[in-house]
Amino acid sequence: MTPDREQFVRPPTPPGFDASRAAERAEDPRGWRYDDAAREAVHRVIAERRDIRRFRPDEVPDDVLGRLLEAAHRAPSVGLMQPWRFIVIRDVATRSQVRTLAQRERLRQADRFDDRARHFLDQKIEGVVEAPVGVVVCCDPGDPDTEILGRGTIPETDIYSAACAIENFWLAARAEGLGVGWVSFYRPPDLRSVLGIPERVIPMAYLCVGWPDERPVRPGLEAAGWSSRVPVERVVMREHWGEAERADDVSASPDRAAAIAVRDRGDTQVRPAGSLGALEGVVERWAGVTGAPPPARMRAGVLLCAGDHGHTARGTSLYGARVSADIAAAAARGETAAAVLAADGGHDLVVADVGLREPTPGGVAARKVAAGTRDVLDGPAMTAGECSAAMAAGADLADALAHTGIDCLVAGEIGIGNTTTAAMLAAALTGAAPAQLVGRGVGVDAAGLERKRALVADALALHAEAIAAGPLSLLAALGGLELAALAGAVGAAWHRALPVVLDGYAATVAALVAVRVDPTVAEGLIAGHRSAEPGHGLVLTELGLEPLLDLRLRVGEGSGALLSLPLIAQAGALHAGMGTFAR
Ligand SMILES: Cc1cc2ncn([C@H]3O[C@H](COP(=O)(O)O)[C@@H](O)[C@H]3O)c2cc1C
Ligand SMILES: O=C(O)c1cccnc1
């Protein structure tokens with residue numbers, strides 16, 4: 001028998017140590033949080049912090065300023081180095097000198113800026129003299145040779161730490177109702193000489209501090225139309241770099257007012273209501289994207305993305321990878337169907353190699369991410385990194401075209417074997433059976449068709465997990481570097497308010513991927529045609545799109561979309577030119 005042991009009684013926690021118990025923390029892991037009101041207050045102060053430029057002359061009491069400096073001094077610092085130093089300035093003569101520095105800098109910078117920036121510089125940029133207090137926040141790195149925990153790898157950690165102190169100061173000021181304006185319009189050596197700051201010390205900020213004579217609800221630069229805060233999703237990536245939406249995107253949403261104005265005008269035109277059928281829908285959709293009906297003369301940016309597919313080694317196309325590069329080269333020389341149509345219509349044609357197995361041919365934009373995809377039956381066709389790089393390349397190419405002032409983007413592809421990849425993606429995205437989605441492509445025979453179907457079924461089984469994980473992971477697993485690029489291009493066009501005229505099967509499937517990533521992208525799509533591939537109609541229906549033409553084309557490259565452009569332009573001409581009933 002084991003003798004009874006006396007229970008050990010834990011001594012009380014000495015002051016200044018963590019009094020929580022392991023059992024308590026396990027039972028209530030969130031027990032450290034504040035109550036709702038306190039949490040709300042924190043978030044409110046963060047959201048309502050503003051950069052203040054106009055100040056009341058009233059003095060800032062020492063005790064209030066003391067609380068702000070205390071808050072700043074509580075900032076985190078790497079290795080607890082506490083590199084911040086604060087110079088509190090109340091003397092108006094000193095503030096005047098600083099203001100002169102800021103004004104001098106403003107004039108210097110105005111010379112280098114364009115009109116828009118000059119307009120910004122005309123706005124009030126500082127309140128150095130008005131604000132009764134100035135606080136210069138400096139970073140004193142100390143002796144660079146002294147080993148500081150955490151500074152070995154990132155020497156700038158001292159500045160990062162001091163920046164945290166500035167934010168603390170700012171938030172505490174907001175809670176007090178005090179305004180802070182961060183002035184950086186000075187050259188550090190000038191400020192050093194005015195304030196006697198030693199050479200090694202960095203004057204990071206001149207903070208104007210005082211009671212605000214404005215209570216802005218929005219950031220000043222947003223109110224002035226300079227820029228706006230992007231949605232948080234644009235700056236947050238998951239798992240690795242590259243999946244955040246592009247931070248320079250303009251925010252996009254369908255322009256319902258413009259679309260409705262178009263419909264209202266259509267209703268008063270000298271024709272039976274609704275009598276222009278599908279053309280009315282196109283004009284409305286176009287206006288929803290661009291804010292105006294299609295122009296009667298239009299210039300499209302035709303983006304043909306080219307890539308190769310590893311599974312062609314299994315006989316999924318009549319041709320081999322060598323041919324993709326030849327088609328791309330011929331397109332760039334103006335010899336293929338789409339190139340002829342683009343030249344005929346006066347459109348801009350860009351042929352881009354994002355994944356050809358062969359070297360990039362002359363005349364073709366070199367954006368190769370990989371030399372073809374891997375065979376899907378050997379593993380994922382692309383890595384996640386290759387997939388997002390291809391999407392980014394497509395987005396860049398679309399952005400570059402957008403900057404040339406095109407009216408819309410034509411999305412087309414070149415890639416031997418890509419009708420098979422399109423079928424895999426379509427099956428993965430819609431759940432439809434491979435038999436409905438696999439067609440003859442360039443023209444395989446019955447045995448080839450069987451091979452394509454079998455490959456699609458096997459790939460779906462092999463990559464079931466990636467397929468379940470979402471559109472980007474299934475795109476990477478099943479492939480199509482050129483299709484990933486087109487998905488990126490379609491998303492970018494939407495964010496640039498450019499309608500996308502879709503071509504055949506593969507391009508439409510790429511658009512479906514983009515829509516699965518961001519459903520609003522669907523608002524910007526127009527189906528140029530329905531191709532001979534049986535899966536194309538199914539995918540168009542999935543997207544809710546009615547094709548403008550149905551000519552049993554099976555060329556790809558953007559040819560069907562190009563053929564539909566005159567029709568879209570004419571729909572625009574009808575809208576603009578027809579008379580209206582007087583009523
Ligand atoms: C000379 C030639 C020109 C083309 N232009 C587009 N494609 C089209 O056919 C290919 C897809 O079909 P599949 O999946 O059966 O290989 C893609 O390159 C597509 O753009 C062409 C194909 C050929 C042969
Ligand atoms: O759907 C298409 O555009 C298509 C069909 C067959 C071959 N190339 C393209």
# chains A, B, ... in the order shown; residues from 1 in each chain; ligands from 1
>>> residues_near_ligand(ligand="ligand 2", cutoff="9 Å", atoms="only C-alpha atoms and all ligand atoms", output="mmCIF file with C-alpha atoms, in the first residue's frame")
data_model
loop_
_atom_site.group_PDB
_atom_site.id
_atom_site.type_symbol
_atom_site.label_atom_id
_atom_site.label_comp_id
_atom_site.auth_asym_id
_atom_site.auth_seq_id
_atom_site.Cartn_x
_atom_site.Cartn_y
_atom_site.Cartn_z
ATOM 1 C CA GLY A 412 -7.800 33.230 -76.954
ATOM 2 C CA GLU A 413 -5.333 30.374 -76.662
ATOM 3 C CA ILE A 414 -2.846 28.246 -78.518
ATOM 4 C CA GLY A 415 -1.956 24.868 -77.055
ATOM 5 C CA ILE A 416 -1.878 21.464 -78.655
ATOM 6 C CA GLY A 417 -3.859 19.175 -76.359
ATOM 7 C CA ASN A 418 -5.741 21.921 -74.584
ATOM 8 C CA THR A 419 -9.215 20.681 -75.481
ATOM 9 C CA GLY A 439 -14.663 16.281 -78.104
ATOM 10 C CA ARG A 440 -12.457 15.701 -81.119
ATOM 11 C CA GLY A 441 -10.414 18.871 -80.768
ATOM 12 C CA VAL A 442 -8.295 19.358 -83.863
ATOM 13 C CA GLY A 443 -9.725 16.087 -85.096
ATOM 14 C CA ASP A 503 -13.475 32.531 -77.776
ATOM 15 C CA GLY A 504 -13.711 28.751 -77.785
ATOM 16 C CA TYR A 505 -13.773 25.902 -75.340
ATOM 17 C CA ALA A 506 -10.440 26.302 -73.609
ATOM 18 C CA ALA A 507 -10.681 30.082 -73.214
ATOM 19 C CA THR A 508 -14.200 29.761 -71.830
ATOM 20 C CA HIS A 529 -19.386 32.066 -80.256
ATOM 21 C CA ARG A 530 -20.078 28.413 -79.558
ATOM 22 C CA SER A 531 -17.500 26.094 -81.054
ATOM 23 C CA ALA A 532 -17.867 22.572 -82.377
ATOM 24 C CA GLU A 533 -16.543 21.126 -79.103
ATOM 25 C CA PRO A 534 -19.548 19.615 -77.301
ATOM 26 C CA GLY A 535 -18.296 20.739 -73.892
ATOM 27 C CA HIS A 536 -18.208 24.383 -74.926
ATOM 28 C CA ARG A 552 -19.242 25.104 -85.686
ATOM 29 C CA LEU A 553 -15.774 26.669 -85.682
ATOM 30 C CA ARG A 554 -12.955 24.685 -84.159
ATOM 31 C CA VAL A 555 -9.956 26.872 -84.697
ATOM 32 C CA GLY A 556 -9.533 28.452 -81.291
ATOM 33 C CA GLU A 557 -6.908 31.237 -80.979
ATOM 34 C CA GLY A 558 -9.625 33.856 -80.534
ATOM 35 C CA SER A 559 -11.020 33.513 -84.045
ATOM 36 C CA GLY A 560 -14.669 33.046 -83.063
#
>>> residues_around(residues="Phe581 (chain A)", least_positions_apart="4", cutoff="10 Å", atoms="only C-alpha atoms", output="ChimeraX atom specification")
/A:267-271
>>> atom_distance(atom1="CA of Gly355 (chain A)", atom2="CA of Leu303 (chain A)")
14.5 Å
>>> select_by_dssp(residues="region 158-328 of chain A", states="strand (DSSP E or B)", output="short mmCIF file (atom, residue, chain, number, x, y, z; two decimals) with C-alpha atoms, in the first residue's frame")
data_model
loop_
_atom_site.label_atom_id
_atom_site.label_comp_id
_atom_site.auth_asym_id
_atom_site.auth_seq_id
_atom_site.Cartn_x
_atom_site.Cartn_y
_atom_site.Cartn_z
CA GLY A 179 -4.96 65.32 -33.61
CA VAL A 180 -1.64 64.07 -34.95
CA GLY A 181 -0.23 64.90 -38.38
CA TRP A 182 2.87 63.01 -39.53
CA VAL A 183 5.07 65.34 -41.56
CA ILE A 202 17.45 59.15 -37.85
CA PRO A 203 14.74 61.80 -37.51
CA MET A 204 11.85 59.59 -38.62
CA ALA A 205 8.89 61.89 -38.24
CA TYR A 206 7.78 65.33 -37.22
CA LEU A 207 4.42 64.86 -35.53
CA CYS A 208 2.17 67.91 -35.30
CA VAL A 209 0.13 67.51 -32.13
CA GLY A 210 -2.86 69.62 -31.10
CA PRO A 212 -7.94 69.12 -34.28
CA GLN A 269 -36.50 53.24 -79.48
CA ALA A 300 -9.90 45.01 -79.13
CA GLY A 301 -6.77 43.76 -77.44
CA VAL A 302 -6.40 40.17 -78.61
CA LEU A 303 -4.42 38.15 -76.11
CA LEU A 304 -3.38 34.70 -77.28
CA CYS A 305 -1.67 32.74 -74.54
CA ALA A 306 0.30 29.70 -75.64
CA GLY A 307 1.36 26.64 -73.69
#
>>> residues_around(residues="Arg357 (chain A)", least_positions_apart="5", cutoff="9 Å", atoms="only C-alpha atoms", output="PyMOL selection string")
chain A and resi 307-309+321-322+324-325+370-373
>>> select_by_dssp(residues="region 205-293 of chain A", states="helix (DSSP H, G or I)", output="tab-separated table (two decimals) with N, CA and C atoms, in the first residue's frame")
chain	number	residue	atom	x	y	z
A	220	GLY	N	-7.77	61.84	-45.48
A	220	GLY	CA	-7.76	63.02	-46.34
A	220	GLY	C	-7.48	62.70	-47.79
A	221	LEU	N	-6.54	61.79	-48.03
A	221	LEU	CA	-6.17	61.48	-49.42
A	221	LEU	C	-7.29	60.74	-50.13
A	222	GLU	N	-8.10	60.04	-49.37
A	222	GLU	CA	-9.25	59.36	-49.96
A	222	GLU	C	-10.30	60.41	-50.32
A	223	ALA	N	-10.54	61.35	-49.37
A	223	ALA	CA	-11.53	62.40	-49.62
A	223	ALA	C	-11.11	63.24	-50.82
A	232	VAL	N	-9.31	44.41	-47.77
A	232	VAL	CA	-8.25	43.66	-47.09
A	232	VAL	C	-7.87	42.38	-47.82
A	233	GLU	N	-8.84	41.78	-48.55
A	233	GLU	CA	-8.53	40.52	-49.25
A	233	GLU	C	-7.41	40.74	-50.28
A	234	ARG	N	-7.28	41.97	-50.77
A	234	ARG	CA	-6.26	42.23	-51.79
A	234	ARG	C	-4.85	42.17	-51.23
A	256	ARG	N	-24.64	49.03	-62.36
A	256	ARG	CA	-26.06	48.76	-62.61
A	256	ARG	C	-26.76	49.96	-63.21
A	257	ALA	N	-26.39	51.17	-62.76
A	257	ALA	CA	-27.09	52.37	-63.23
A	257	ALA	C	-26.91	52.52	-64.73
A	258	ALA	N	-25.66	52.30	-65.23
A	258	ALA	CA	-25.41	52.45	-66.67
A	258	ALA	C	-26.17	51.39	-67.45
A	259	ALA	N	-26.19	50.16	-66.91
A	259	ALA	CA	-26.89	49.09	-67.61
A	259	ALA	C	-28.39	49.40	-67.70
A	260	ILE	N	-28.93	49.94	-66.64
A	260	ILE	CA	-30.37	50.22	-66.63
A	260	ILE	C	-30.68	51.41	-67.55
A	261	ALA	N	-29.78	52.39	-67.59
A	261	ALA	CA	-29.99	53.54	-68.49
A	261	ALA	C	-30.05	53.05	-69.94
A	262	VAL	N	-29.21	52.09	-70.27
A	262	VAL	CA	-29.20	51.52	-71.62
A	262	VAL	C	-30.54	50.84	-71.91
A	263	ARG	N	-31.01	50.10	-70.93
A	263	ARG	CA	-32.28	49.39	-71.14
A	263	ARG	C	-33.44	50.39	-71.29
A	264	ASP	N	-33.40	51.45	-70.47
A	264	ASP	CA	-34.45	52.45	-70.54
A	264	ASP	C	-34.49	53.11	-71.92
A	265	ARG	N	-33.30	53.43	-72.44
A	265	ARG	CA	-33.25	54.05	-73.76
A	265	ARG	C	-33.77	53.07	-74.82
A	266	GLY	N	-33.33	51.82	-74.70
A	266	GLY	CA	-33.79	50.80	-75.64
A	266	GLY	C	-35.31	50.70	-75.67
A	267	ASP	N	-35.93	50.85	-74.52
A	267	ASP	CA	-37.38	50.72	-74.44
A	267	ASP	C	-38.11	51.82	-75.20
A	268	THR	N	-37.43	52.97	-75.42
A	268	THR	CA	-38.12	54.08	-76.11
A	268	THR	C	-37.77	54.12	-77.60
A	278	ALA	N	-30.76	39.05	-78.41
A	278	ALA	CA	-29.51	38.89	-77.66
A	278	ALA	C	-28.64	40.15	-77.74
A	279	LEU	N	-28.80	40.95	-78.81
A	279	LEU	CA	-27.98	42.15	-78.94
A	279	LEU	C	-28.27	43.13	-77.80
A	280	GLU	N	-29.51	43.15	-77.35
A	280	GLU	CA	-29.85	44.05	-76.25
A	280	GLU	C	-29.10	43.67	-74.98
A	281	GLY	N	-29.05	42.37	-74.76
A	281	GLY	CA	-28.33	41.88	-73.57
A	281	GLY	C	-26.85	42.24	-73.63
A	282	VAL	N	-26.27	42.18	-74.83
A	282	VAL	CA	-24.84	42.49	-74.99
A	282	VAL	C	-24.58	43.96	-74.69
A	283	VAL	N	-25.45	44.83	-75.22
A	283	VAL	CA	-25.25	46.27	-75.00
A	283	VAL	C	-25.38	46.59	-73.51
A	284	GLU	N	-26.37	45.97	-72.90
A	284	GLU	CA	-26.59	46.20	-71.48
A	284	GLU	C	-25.40	45.72	-70.64
A	285	ARG	N	-24.93	44.56	-70.97
A	285	ARG	CA	-23.81	43.98	-70.25
A	285	ARG	C	-22.57	44.85	-70.42
A	286	TRP	N	-22.35	45.29	-71.64
A	286	TRP	CA	-21.17	46.14	-71.94
A	286	TRP	C	-21.24	47.41	-71.09
A	287	ALA	N	-22.42	48.01	-71.06
A	287	ALA	CA	-22.57	49.25	-70.28
A	287	ALA	C	-22.37	48.97	-68.80
A	288	GLY	N	-22.79	47.77	-68.38
A	288	GLY	CA	-22.60	47.42	-66.97
A	288	GLY	C	-21.13	47.34	-66.60
A	289	VAL	N	-20.29	47.00	-67.56
A	289	VAL	CA	-18.85	46.89	-67.28
A	289	VAL	C	-18.16	48.24	-67.46
A	290	THR	N	-18.45	48.91	-68.59
A	290	THR	CA	-17.66	50.10	-68.94
A	290	THR	C	-18.36	51.41	-68.57
>>> atom_distance(atom1="CA of Cys408 (chain A)", atom2="CA of Leu356 (chain A)")
25.8 Å
>>> residues_around(residues="Ala75 (chain A)", least_positions_apart="6", cutoff="10 Å", atoms="only C-alpha atoms", output="MDAnalysis selection string")
chainID A and resid 82 84 161:169
>>> closest_residue(among="A:Gly480, A:Pro566, A:Pro14, A:Gly524", to="Val369 (chain A)", atoms="only C-alpha atoms")
A:Gly480
>>> residues_around(residues="Glu126 (chain A)", least_positions_apart="6", cutoff="12 Å", atoms="only C-alpha atoms", output="count of residues only")
27
